[in-house]
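Participant: Pasting a structure here, questions to come.
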Amino acid sequence: MLDITFSDEQAELINQLELEVSASELVSFFKKSELESQQLVAVLKASNALYRAGMQVISDAQYDLYISMLTSINPSHPYLHSVEPEALVEAKTVALPQRMLSTEKAYSKEEIEKWLKRILKAAQEINVPESEIELRVTPKLDGYAAFDDGTTLYTRGDGYRGQDITRAFERGLRVANDGDRGLGPGEIVIKKSYFEKELSGHFENSRNIQAAIIAEKKVDENVQKAIDDGACVFYPFALIENKTAHFSEIIDSFESIVEVMWSAVDFDIDGVILEATHPALKAHMGATRKNHRWQIAFKVNEESAKVEVINIIPQTSRTGRISPVAELVPTKLSGATISRVTVHHYNMVKTKRIGPGAVVELVRSGLVIPKIEGVIKEAEPQLPQACPSCGSHLLWESDHLICPNKSDCPAQTENTLIHFFKTLGNNDGFGPKVIEKLSNFGIKHIHEIYQIKAHQFAGYGFGEKTSQNLFDQLQASKEIQIEDWRFLSAFGVSRLGGGNCEKLLQHHSVVDLFELSADEMVKIDGFAQISAEAIVEGLKNIKEEFFKVYELGFNLAITPKASEREALDSPIADAVVVFTGSMQQGSRGDMEKQAKSLGAKVAKSVTGKTTYLVTGEKVGETKINAAKDKGVTVLSEQEYLSLID
Ligand SMILES: NC(=O)c1ccc[n+]([C@@H]2O[C@H](COP(=O)([O-])OP(=O)(O)OC[C@H]3O[C@@H](n4cnc5c(N)ncnc54)[C@H](O)[C@@H]3O)[C@@H](O)[C@H]2O)c1
Ligand SMILES: [Zn+2]
């Protein structure tokens, strides 16, 4: 049930809409949890008009819930089969050069998977092989939809007819990313950081400003300044940050891709867009009167709940830090039942007084892991004395409780082994379950695992087939090439993640690194004294084990040295290269590695700084044209190969 009242301004707009209900009747509709279809439509129309005019009354999730309610009572209602219109009170409209549609919405990964099934089915119908089906994931900009045909800028209107707002360009509006005019559909948006700094004192939200930009009347001086400062732009979707890959990769890493896209741009976003890119498939699937069938928006619904803590369970991590995990009275939140949550660290348990009987506020938005937002009721905190894995007496190290038993704590050694195989990432089979079995038999070191022969795995409780497979996977992990920085980071030294390993290896070989002093390390860009000391210490601790493993003969790709890279006399040295589409001569991953070794920087999306866009098969015209418009040289795979040959 919602508690809603209208301001005078909102009530006035509602009256202009001629909904045949009064504002007070509407308010009572909003408060009802069950509505008839006619009432629902009035609620939807009013909410939509207010939303488009910058006076939103309900959340998007609530609006979308009303839409699904109407869909279940009256699936053929016209409101469901057209684009939600802008509130055009007495405005002149013109026909759009191309229809502009809304998007289908999904609030869970399951709904996305259902949509994907439909894509795969459609692909089958026209014999497009699954290997060719890529998805493009982009941030869903929450601005004002518009279309730029190169001469005129239109609002989306009702999807068929919009308003001519070309004057926005005459007022100095620019295209994002220094893009050109005429790139088709996009969104008028305002930089979030700029809004917070310069405009939040004058406007409640950025939708108010977008409404001001398209208004006929004189533009507010603060808005004009935002336009002049380049903070308010027209962002064509062709130019937007994206992750484009085979659908299986997108689905496998769905959570992390969504997270990356969610923070990819400095603009308000209200979801991510997923779309199939295959031109023939798109043509075959087409559109309903409201949505493209090959496109969907994934949105999340942020919810919070007050939850009682049952217990705090200590868990020893790979590095010896003890993580406090709160066991909770199971609670439903954003569609999932939550029964545990990690507390930041034990100092928080201690100072915020979290223990059995405490009540915490949890928030979760969509897929994102729930977190504790605050403590509502305190309780006697639960602090362990001994490591739950090895029983060692715990020590405080700043905010954390630490198990000091580096060499003999089962939890630490087990998690180190898991981390090693997970980071290598070039083999299958050595996941947590298998490692746990081996650990139970007293295996503590990586090199010990590599000494196990195929027939010996049976002695650790594995069947014949699994044993052979585990053995084969171990061999594969040595034979399949991996970067030396990845190999080093797999040993899990604190502060030696992939990025830092790569930086160090650009100056020293992996073997020489173990001889480096902290003072020498500080001379490398990006390493401060404290980190350098911790890294030197960490390397000392793993040295013996590292060389036992290193000498097994892994197939390591050596990171090019910074000095070599500069001197590198390759045709793409220092060029910024983007690969797109499916390549014929090898995997895209291999081509990217090769380009890096030739001194190029490999980027994921085209910007003004891109030198070459290398296109494999099935790359859309729009993408190619957008790149050309930015002055990027577009090469076919063949042209690129002859360039570097
Ligand atoms: N809270 C409310 O009262 C209220 C009222 C009306 C509508 N809404 C919200 O708006 C939705 C419908 O609005 P809509 O039809 O304007 O938009 P939409 O959410 O259906 O999205 C479609 C639009 O997304 C835009 N878009 C942004 N980034 C994009 C990208 N990267 N690629 C492709 N398109 C991109 C396009 O302009 C396109 O027209 C509702 O489902 C609801 O969530 C909320
Ligand atoms: Zn321990």
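Each chain of the structure tokens is named A, B, ... in the order shown, its residues numbered from 1; ligands are numbered from 1 in display order.
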Skipping near chain neighbours, those fewer than 2 positions away, what residues fall within 8 Å of A:Thr607 using only C-alpha atoms, listed as a PyMOL selection string?
Facilitator: chain A and resi 177+239+605+609-610+627+630
Participant: Which residues are near ligand 1 in this structure, taking near to mean any atom at most 7 Å from a ligand atom and counting only C-alpha atoms and all ligand atoms? Format them as a VMD selection string.
Facilitator: chain A and resid 47 to 48 50 to 52 56 to 64 83 to 84 100 to 105 138 to 142 144 to 146 185 to 187 237 240 272 to 273
Participant: Just list the residues in stretch 398-470 of chain A DSSP gives alpha helix (DSSP H) on the backbone, as a ChimeraX atom specification.
Facilitator: /A:410-424,432-440,446-451,464-470
Participant: In terms of the shortest atom-to-atom distance over only C-alpha atoms, which of A:Ser509, A:Asn555, A:Pro560, A:Arg495 is closest to A:Glu537?
Facilitator: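 With only C-alpha atoms as the atom set, the closest residue is A:Arg495.
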Participant: In Å, how far is it from atom CA of A:Asn311 to atom CA of A:Gly355?
Facilitator: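 For atom CA of A:Asn311 relative to atom CA of A:Gly355, the distance reads 6.3 Å.
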Participant: List as a ChimeraX atom specification the protein and nucleic acid residues near stretch 469-481 of chain A, meaning an atom at most 7 Å away when only C-alpha atoms are counted, but skip any in the same chain fewer than 5 places from it.
Facilitator: /A:426-429,450,453-454,553-557
Participant: Please identify which residues in stretch 147-278 of chain A DSSP calls strand (DSSP E or B) from the backbone, and express them as a ChimeraX atom specification.
Facilitator: /A:147-148,153-155,161-162,164,174-175,184-191,232-236,243-246,267,269-276
Participant: Can you tell me which residues come within 9 Å of ligand 2 when counting only C-alpha atoms and all ligand atoms, ideally as number ranges by chain?
Facilitator: A: 316-317, 320, 322, 386-394, 402-406, 408-412
Participant: Take the residues from that selection and write them out as an mmCIF file, in the first residue's frame, keeping N, CA and C atoms.
Facilitator:
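Result file is result_18.cif:
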data_model
loop_
_atom_site.group_PDB
_atom_site.id
_atom_site.type_symbol
_atom_site.label_atom_id
_atom_site.label_comp_id
_atom_site.auth_asym_id
_atom_site.auth_seq_id
_atom_site.Cartn_x
_atom_site.Cartn_y
_atom_site.Cartn_z
ATOM 1 N N THR A 316 38.001 -18.427 8.825
ATOM 2 C CA THR A 316 39.390 -18.057 8.546
ATOM 3 C C THR A 316 39.625 -18.018 7.043
ATOM 4 N N SER A 317 40.135 -16.873 6.571
ATOM 5 C CA SER A 317 40.355 -16.728 5.128
ATOM 6 C C SER A 317 41.762 -17.179 4.768
ATOM 7 N N GLY A 320 44.531 -15.461 6.569
ATOM 8 C CA GLY A 320 44.570 -15.560 8.024
ATOM 9 C C GLY A 320 43.626 -14.596 8.717
ATOM 10 N N ILE A 322 40.198 -13.267 10.060
ATOM 11 C CA ILE A 322 38.980 -13.964 10.459
ATOM 12 C C ILE A 322 37.785 -13.097 10.045
ATOM 13 N N ALA A 386 39.998 -18.000 19.667
ATOM 14 C CA ALA A 386 40.887 -18.926 18.957
ATOM 15 C C ALA A 386 40.436 -19.104 17.516
ATOM 16 N N CYS A 387 41.385 -19.436 16.638
ATOM 17 C CA CYS A 387 41.069 -19.678 15.229
ATOM 18 C C CYS A 387 40.140 -20.890 15.124
ATOM 19 N N PRO A 388 39.002 -20.741 14.405
ATOM 20 C CA PRO A 388 38.058 -21.857 14.316
ATOM 21 C C PRO A 388 38.648 -23.044 13.566
ATOM 22 N N SER A 389 39.726 -22.816 12.835
ATOM 23 C CA SER A 389 40.286 -23.906 12.051
ATOM 24 C C SER A 389 41.425 -24.611 12.779
ATOM 25 N N CYS A 390 42.381 -23.834 13.347
ATOM 26 C CA CYS A 390 43.550 -24.484 13.947
ATOM 27 C C CYS A 390 43.655 -24.266 15.446
ATOM 28 N N GLY A 391 42.791 -23.429 16.004
ATOM 29 C CA GLY A 391 42.816 -23.230 17.449
ATOM 30 C C GLY A 391 43.867 -22.243 17.937
ATOM 31 N N SER A 392 44.652 -21.651 17.024
ATOM 32 C CA SER A 392 45.671 -20.691 17.469
ATOM 33 C C SER A 392 45.018 -19.485 18.122
ATOM 34 N N HIS A 393 45.733 -18.873 19.045
ATOM 35 C CA HIS A 393 45.230 -17.684 19.708
ATOM 36 C C HIS A 393 45.207 -16.526 18.703
ATOM 37 N N LEU A 394 44.064 -15.832 18.601
ATOM 38 C CA LEU A 394 43.952 -14.777 17.590
ATOM 39 C C LEU A 394 44.567 -13.471 18.067
ATOM 40 N N ILE A 402 43.287 -11.873 13.477
ATOM 41 C CA ILE A 402 44.142 -12.617 12.562
ATOM 42 C C ILE A 402 44.580 -13.929 13.209
ATOM 43 N N CYS A 403 44.602 -14.991 12.428
ATOM 44 C CA CYS A 403 45.220 -16.232 12.897
ATOM 45 C C CYS A 403 46.687 -16.189 12.468
ATOM 46 N N PRO A 404 47.604 -16.199 13.425
ATOM 47 C CA PRO A 404 49.019 -16.010 13.084
ATOM 48 C C PRO A 404 49.690 -17.279 12.548
ATOM 49 N N ASN A 405 48.967 -18.374 12.523
ATOM 50 C CA ASN A 405 49.557 -19.658 12.144
ATOM 51 C C ASN A 405 49.603 -19.810 10.623
ATOM 52 N N LYS A 406 50.599 -19.158 9.975
ATOM 53 C CA LYS A 406 50.626 -19.103 8.512
ATOM 54 C C LYS A 406 50.831 -20.477 7.864
ATOM 55 N N ASP A 408 50.450 -23.676 9.112
ATOM 56 C CA ASP A 408 49.812 -24.928 9.518
ATOM 57 C C ASP A 408 48.329 -24.819 9.826
ATOM 58 N N CYS A 409 47.710 -23.735 9.367
ATOM 59 C CA CYS A 409 46.287 -23.571 9.660
ATOM 60 C C CYS A 409 45.512 -24.158 8.477
ATOM 61 N N PRO A 410 44.720 -25.225 8.706
ATOM 62 C CA PRO A 410 44.049 -25.892 7.578
ATOM 63 C C PRO A 410 43.206 -24.946 6.728
ATOM 64 N N ALA A 411 42.486 -24.022 7.370
ATOM 65 C CA ALA A 411 41.633 -23.117 6.587
ATOM 66 C C ALA A 411 42.492 -22.262 5.657
ATOM 67 N N GLN A 412 43.604 -21.771 6.170
ATOM 68 C CA GLN A 412 44.460 -20.915 5.338
ATOM 69 C C GLN A 412 45.076 -21.696 4.187
#
Participant: Fewer than 2 positions away in the same chain doesn't count, so skip those; otherwise give me all residues within 8 Å of A:Val27, counting only C-alpha atoms, as a compact mmCIF listing (two decimals) with N, CA and C atoms, in the first residue's frame.
Facilitator:
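The resulting part.txt:
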# COMPACT_ATOMS: atom_id res chain seq x y z
N ILE A 4 0.28 8.41 -0.65
CA ILE A 4 0.60 9.42 -1.66
C ILE A 4 -0.29 10.64 -1.53
N THR A 5 0.33 11.80 -1.65
CA THR A 5 -0.46 13.03 -1.79
C THR A 5 0.14 13.78 -2.97
N PHE A 6 -0.64 14.64 -3.61
CA PHE A 6 -0.13 15.41 -4.75
C PHE A 6 0.14 16.85 -4.36
N ALA A 23 -8.22 14.12 -8.79
CA ALA A 23 -6.96 13.86 -8.12
C ALA A 23 -7.19 13.09 -6.81
N SER A 24 -8.28 13.42 -6.10
CA SER A 24 -8.49 12.74 -4.82
C SER A 24 -8.89 11.27 -5.03
N GLU A 25 -9.64 11.00 -6.12
CA GLU A 25 -9.96 9.60 -6.42
C GLU A 25 -8.68 8.82 -6.72
N PHE A 29 -7.02 5.43 -5.18
CA PHE A 29 -6.59 4.27 -5.97
C PHE A 29 -5.19 3.82 -5.55
N PHE A 30 -4.31 4.82 -5.43
CA PHE A 30 -2.93 4.50 -5.06
C PHE A 30 -2.88 3.74 -3.73
N LYS A 31 -3.82 4.08 -2.83
CA LYS A 31 -3.78 3.47 -1.50
C LYS A 31 -4.37 2.07 -1.48
Participant: With only C-alpha atoms as the atoms that count, which of A:His400, A:Glu361, A:Trp294, A:Lys593 lies nearest to A:His345?
Facilitator: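 Ranking A:His400, A:Glu361, A:Trp294, A:Lys593 by distance to A:His345, first place goes to A:His400.
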Participant: To one decimal place, how far is atom CA of A:Leu135 from atom CA of A:Val300 in Å?
Facilitator: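 Those two atoms sit 19.6 Å apart.
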Participant: Any idea what the distance is between atom CA of A:Pro324 and atom CA of A:Ser339?
Facilitator: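 Rounded to one decimal, the two atoms are 14.0 Å apart.
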Participant: List the neighbours of A:Asp229 out to 10 Å using only C-alpha atoms; skip same-chain residues closer than 3 positions along the sequence, and give me the result as a VMD selection string.
Facilitator: chain A and resid 172 to 174 194 223 to 226 232 to 233
Participant: Output C-alpha atoms for every residue in that selection, as a PDB file, in the first residue's frame.
Facilitator:
ATOM      1  CA  GLY A 172      25.101  24.477 -27.562  1.00  0.00           C
ATOM      2  CA  LEU A 173      24.145  20.912 -26.609  1.00  0.00           C
ATOM      3  CA  ARG A 174      26.971  18.578 -27.619  1.00  0.00           C
ATOM      4  CA  TYR A 194      28.298  17.796 -12.156  1.00  0.00           C
ATOM      5  CA  VAL A 223      20.977  24.631 -17.206  1.00  0.00           C
ATOM      6  CA  GLN A 224      22.540  26.775 -19.932  1.00  0.00           C
ATOM      7  CA  LYS A 225      25.803  26.713 -17.970  1.00  0.00           C
ATOM      8  CA  ALA A 226      25.609  22.897 -17.715  1.00  0.00           C
ATOM      9  CA  CYS A 232      24.671  18.000 -20.344  1.00  0.00           C
ATOM     10  CA  VAL A 233      24.950  16.018 -23.574  1.00  0.00           C
TER      11      VAL A 233
END
